[in-house]
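Engineer: So I've got this file, input22.cif, and it contains mmCIF, C-alpha atoms:
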data_structure
#
loop_
_atom_site.label_atom_id
_atom_site.label_comp_id
_atom_site.auth_asym_id
_atom_site.auth_seq_id
_atom_site.Cartn_x
_atom_site.Cartn_y
_atom_site.Cartn_z
CA MET A 156 -62.85 -82.51 118.65
CA LYS A 157 -66.23 -83.59 119.95
CA LYS A 158 -68.47 -81.12 121.76
CA THR A 159 -66.67 -80.01 124.92
CA VAL A 160 -67.57 -77.77 127.83
CA VAL A 161 -65.25 -76.40 130.52
CA VAL A 162 -67.06 -76.12 133.87
CA TYR A 163 -65.44 -74.31 136.78
CA GLY A 164 -66.17 -73.42 140.39
CA SER A 165 -64.36 -70.29 141.53
CA SER A 166 -64.71 -68.06 144.57
CA THR A 167 -61.96 -65.50 143.91
CA GLY A 168 -61.72 -65.66 140.11
CA THR A 169 -58.47 -67.61 139.79
CA CYS A 170 -60.09 -70.88 138.73
CA GLU A 171 -62.42 -68.96 136.40
CA ALA A 172 -59.46 -67.29 134.66
CA ILE A 173 -57.76 -70.68 134.23
CA ALA A 174 -60.98 -72.19 132.87
CA GLU A 175 -61.16 -69.34 130.34
CA LYS A 176 -57.56 -70.05 129.23
CA ILE A 177 -58.29 -73.76 128.83
CA GLY A 178 -61.55 -73.07 127.00
CA ALA A 179 -59.86 -70.66 124.60
CA LYS A 180 -57.11 -73.17 123.80
CA LEU A 181 -59.68 -75.93 123.17
CA GLY A 182 -62.26 -73.76 121.44
CA ALA A 183 -64.78 -74.89 124.05
CA GLU A 184 -67.64 -73.22 125.86
CA VAL A 185 -66.81 -72.19 129.44
CA MET A 186 -69.42 -72.03 132.20
CA ASN A 187 -69.75 -71.59 135.92
CA VAL A 188 -70.76 -74.78 137.74
CA GLN A 189 -73.78 -72.86 139.08
CA ASP A 190 -75.16 -73.06 135.52
CA LEU A 191 -74.53 -76.79 135.10
CA THR A 192 -77.67 -78.79 134.29
CA ALA A 193 -78.47 -82.30 133.13
CA ASP A 194 -79.14 -80.84 129.66
CA VAL A 195 -75.64 -79.34 129.51
CA VAL A 196 -74.13 -82.69 130.52
CA ALA A 197 -76.21 -84.53 127.91
CA ALA A 198 -75.27 -82.06 125.15
CA ASN A 199 -71.50 -82.48 125.62
CA GLU A 200 -69.36 -85.55 124.99
CA ASN A 201 -66.36 -84.11 126.85
CA LEU A 202 -66.41 -82.39 130.22
CA ILE A 203 -63.41 -80.45 131.52
CA LEU A 204 -64.08 -79.81 135.21
CA GLY A 205 -62.14 -77.42 137.41
CA THR A 206 -62.30 -76.43 141.05
CA SER A 207 -60.42 -74.32 143.49
CA THR A 208 -59.57 -75.72 146.93
CA TRP A 209 -60.78 -74.20 150.20
CA GLY A 210 -60.28 -74.73 153.90
CA ALA A 211 -58.56 -77.99 154.73
CA GLY A 212 -58.51 -79.29 151.15
CA GLU A 213 -62.20 -78.91 150.42
CA LEU A 214 -64.11 -78.58 147.18
CA GLN A 215 -65.21 -75.10 146.10
CA ASP A 216 -68.71 -74.52 147.54
CA ASP A 217 -70.65 -74.37 144.24
CA TRP A 218 -69.34 -77.80 143.27
CA TYR A 219 -71.39 -79.61 145.92
CA ASP A 220 -74.56 -78.97 143.88
CA GLY A 221 -72.61 -79.48 140.65
CA LEU A 222 -71.55 -82.93 141.79
CA LYS A 223 -75.19 -83.82 142.41
CA VAL A 224 -75.98 -82.87 138.80
CA LEU A 225 -73.11 -85.03 137.51
CA GLN A 226 -73.96 -87.96 139.77
CA SER A 227 -77.57 -87.98 138.61
CA ALA A 228 -76.62 -87.78 134.91
CA ASP A 229 -75.60 -90.62 132.63
CA LEU A 230 -71.87 -90.11 132.11
CA THR A 231 -71.29 -93.45 130.40
CA GLY A 232 -69.05 -92.98 127.39
CA LYS A 233 -68.17 -89.37 128.18
CA VAL A 234 -64.58 -88.22 128.57
CA ILE A 235 -63.78 -86.14 131.65
CA ALA A 236 -60.58 -84.24 132.41
CA LEU A 237 -60.03 -82.45 135.71
CA PHE A 238 -58.02 -79.44 136.84
CA GLY A 239 -57.67 -77.86 140.23
CA CYS A 240 -56.26 -74.73 141.79
CA GLY A 241 -54.48 -74.62 145.12
CA ASP A 242 -51.78 -72.98 147.19
CA CYS A 243 -48.72 -75.20 147.58
CA GLU A 244 -46.99 -72.87 150.05
CA SER A 245 -49.70 -72.01 152.57
CA TYR A 246 -51.61 -75.28 152.16
CA GLY A 247 -48.92 -77.74 151.17
CA ASP A 248 -50.49 -80.46 153.30
CA THR A 249 -53.84 -80.25 151.45
CA PHE A 250 -52.63 -79.04 148.03
CA VAL A 251 -55.44 -79.16 145.43
CA GLY A 252 -57.56 -81.27 147.77
CA GLY A 253 -60.68 -80.03 145.98
CA LEU A 254 -59.43 -81.74 142.83
CA GLY A 255 -59.30 -85.00 144.78
CA GLU A 256 -62.85 -84.49 146.06
CA LEU A 257 -64.10 -83.80 142.54
CA TYR A 258 -62.41 -86.99 141.31
CA ASP A 259 -63.86 -89.02 144.17
CA GLY A 260 -67.33 -87.72 143.33
CA ILE A 261 -67.24 -88.92 139.71
CA LYS A 262 -64.76 -91.82 139.55
CA GLN A 263 -67.55 -94.44 139.61
CA SER A 264 -69.66 -92.60 137.00
CA GLY A 265 -68.86 -94.71 133.95
CA ALA A 266 -67.01 -91.84 132.28
CA ARG A 267 -63.42 -92.18 131.11
CA ILE A 268 -61.25 -89.85 133.18
CA VAL A 269 -58.11 -88.67 131.38
CA GLY A 270 -55.27 -86.28 132.09
CA SER A 271 -53.41 -87.50 135.17
CA VAL A 272 -50.23 -85.54 135.87
CA SER A 273 -46.92 -86.57 137.40
CA THR A 274 -46.09 -85.08 140.80
CA ASP A 275 -42.58 -84.26 139.51
CA GLY A 276 -41.88 -80.54 139.62
CA TYR A 277 -44.53 -79.80 142.25
CA THR A 278 -43.69 -78.72 145.80
CA PHE A 279 -46.23 -79.93 148.36
CA ASP A 280 -46.43 -82.17 151.42
CA ASP A 281 -49.64 -84.10 150.78
CA SER A 282 -52.63 -84.10 148.45
CA ALA A 283 -55.90 -86.02 148.29
CA ALA A 284 -55.62 -85.52 144.52
CA VAL A 285 -52.70 -87.95 144.23
CA VAL A 286 -53.75 -91.49 143.32
CA ASP A 287 -51.20 -94.17 142.45
CA GLY A 288 -48.39 -91.60 142.54
CA LYS A 289 -49.99 -89.12 140.09
CA PHE A 290 -52.37 -86.20 140.34
CA VAL A 291 -55.83 -87.19 139.04
CA GLY A 292 -55.86 -84.05 136.89
CA LEU A 293 -53.94 -80.85 136.30
CA PRO A 294 -52.88 -79.13 139.55
CA LEU A 295 -52.12 -75.42 139.37
CA ASP A 296 -50.89 -72.85 141.86
CA ASP A 297 -51.41 -69.59 139.99
CA VAL A 298 -50.40 -67.58 143.06
CA ASN A 299 -47.00 -69.01 143.99
CA GLU A 300 -46.09 -70.67 140.69
CA ASP A 301 -47.84 -68.46 138.15
CA ASN A 302 -44.75 -68.57 135.94
CA MET A 303 -45.45 -72.29 135.39
CA THR A 304 -49.21 -72.10 134.75
CA ASP A 305 -49.22 -71.59 130.98
CA GLY A 306 -46.62 -74.29 130.32
CA ARG A 307 -48.47 -76.75 132.55
CA ILE A 308 -51.77 -76.01 130.81
CA ASP A 309 -50.20 -76.44 127.36
CA ALA A 310 -48.57 -79.76 128.29
CA TRP A 311 -51.83 -81.04 129.80
CA ILE A 312 -53.91 -79.99 126.80
CA ALA A 313 -51.45 -81.77 124.51
CA GLN A 314 -51.90 -84.86 126.66
CA ILE A 315 -55.72 -84.85 126.79
CA SER A 316 -56.49 -83.58 123.27
CA PRO A 317 -56.20 -86.98 121.54
CA ASN A 318 -58.98 -88.21 123.87
CA LEU A 319 -61.37 -85.35 123.13
#
Could you spell out this file's structure in structure tokens?

Structural biologist:
Amino acid sequence: MKKTVVVYGSSTGTCEAIAEKIGAKLGAEVMNVQDLTADVVAANENLILGTSTWGAGELQDDWYDGLKVLQSADLTGKVIALFGCGDCESYGDTFVGGLGELYDGIKQSGARIVGSVSTDGYTFDDSAAVVDGKFVGLPLDDVNEDNMTDGRIDAWIAQISPNL
């Protein structure tokens, strides 16, 4: 596997814990988006980016500056996979909306985005993270569906690993 970093934005620690799980399974460095710099982006061929969702489907606050770093960097030829945390019961109408915002912020970057996930098996009303009938990355609800988190992570890693 080429050099990979897992970058997360987390306000309560849930997304951080998931990033740590993903990083451990991939043998990758894990860092808070607050520490993301152009040098970090340049030093890694693969970027695994994760965000929690806040308010009415919004990106986690620290990611607004993180997106600026990514948008000013040359992402051509890099592989990016996305994951997002949300609450499908309380916020079923904006489930993992932050994941959708993250995708929208980088989709024109020249990077190859991998790891879309079928909506099958998820309970939600609407999501900005669904494009062409699939989630743009791995959606997780570690509060209401924590019994599914590890299996979903494992299946997603198996899917993206050949691209890393």

Engineer: Starting from the displayed file, determine the output of the PyMOL selection byres ((chain A and resi 203) around 6) and express the residue list as a list in words.

Structural biologist: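 Written out, the selection comes to Val161, Leu202, Leu204, Ile235, Ala236 and Leu237 of chain A.
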
Engineer: Out of A:Gly252, A:Gly288, A:Gly270, A:Gly168, which residue has the shortest atom-to-atom distance to Gly239 in chain A when counting only C-alpha atoms?

Structural biologist: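 Using only C-alpha atoms, Gly239 in chain A sits closest to A:Gly252.
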
Engineer: As a check of understanding, name the residues that the PyMOL selection byres ((chain A and resi 299) around 12) selects in the supplied structure, as JSON, numbers by chain.

Structural biologist: {"A": [240, 241, 242, 243, 244, 245, 246, 247, 277, 278, 279, 295, 296, 297, 298, 300, 301, 302, 303, 304]}

Engineer: Restricted to C-alpha atoms, what would the selected residues look like written as a PDB file, keeping the file's coordinate frame?

Structural biologist:
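Result written to selection.pdb:
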ATOM      1  CA  CYS A 240     -56.260 -74.730 141.790  1.00  0.00           C
ATOM      2  CA  GLY A 241     -54.480 -74.620 145.120  1.00  0.00           C
ATOM      3  CA  ASP A 242     -51.780 -72.980 147.190  1.00  0.00           C
ATOM      4  CA  CYS A 243     -48.720 -75.200 147.580  1.00  0.00           C
ATOM      5  CA  GLU A 244     -46.990 -72.870 150.050  1.00  0.00           C
ATOM      6  CA  SER A 245     -49.700 -72.010 152.570  1.00  0.00           C
ATOM      7  CA  TYR A 246     -51.610 -75.280 152.160  1.00  0.00           C
ATOM      8  CA  GLY A 247     -48.920 -77.740 151.170  1.00  0.00           C
ATOM      9  CA  TYR A 277     -44.530 -79.800 142.250  1.00  0.00           C
ATOM     10  CA  THR A 278     -43.690 -78.720 145.800  1.00  0.00           C
ATOM     11  CA  PHE A 279     -46.230 -79.930 148.360  1.00  0.00           C
ATOM     12  CA  LEU A 295     -52.120 -75.420 139.370  1.00  0.00           C
ATOM     13  CA  ASP A 296     -50.890 -72.850 141.860  1.00  0.00           C
ATOM     14  CA  ASP A 297     -51.410 -69.590 139.990  1.00  0.00           C
ATOM     15  CA  VAL A 298     -50.400 -67.580 143.060  1.00  0.00           C
ATOM     16  CA  GLU A 300     -46.090 -70.670 140.690  1.00  0.00           C
ATOM     17  CA  ASP A 301     -47.840 -68.460 138.150  1.00  0.00           C
ATOM     18  CA  ASN A 302     -44.750 -68.570 135.940  1.00  0.00           C
ATOM     19  CA  MET A 303     -45.450 -72.290 135.390  1.00  0.00           C
ATOM     20  CA  THR A 304     -49.210 -72.100 134.750  1.00  0.00           C
TER      21      THR A 304
END

Engineer: Between A:Thr249, A:Ile177, A:Leu319, A:Tyr219, which residue has the minimum interatomic distance to Leu293 in chain A, considering all atoms listed in the file?

Structural biologist: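 Checking each candidate against Leu293 in chain A, we get A:Ile177 as the closest.
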
Engineer: Using CA of Leu222 in chain A and CA of Val272 in chain A as the two end points, give the distance in Å to one decimal.

Structural biologist: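 One can read the CA of Leu222 in chain A to CA of Val272 in chain A distance as 22.3 Å.
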
Engineer: State, in Å with one decimal place, the distance from CA of Ser316 in chain A to CA of Lys158 in chain A.

Structural biologist: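 Between these atoms lies a distance of 12.3 Å.
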
Engineer: With only C-alpha atoms as the atoms that count, which of A:Val269, A:Leu254, A:Glu200, A:Gly276 lies nearest to Ile312 in chain A?

Structural biologist: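 When distances to Ile312 in chain A are compared using only C-alpha atoms, the smallest one comes from A:Val269.
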
Engineer: What is the CA of Lys176 in chain A to CA of Gln263 in chain A distance in Å?

Structural biologist: 28.3 Å

Engineer: Using all atoms listed in the file, find the one residue out of A:Ile261, A:Cys170, A:Ile308, A:Val162 that sits nearest to Asn187 in chain A.

Structural biologist: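 Closest residue, counting all atoms listed in the file: A:Val162.
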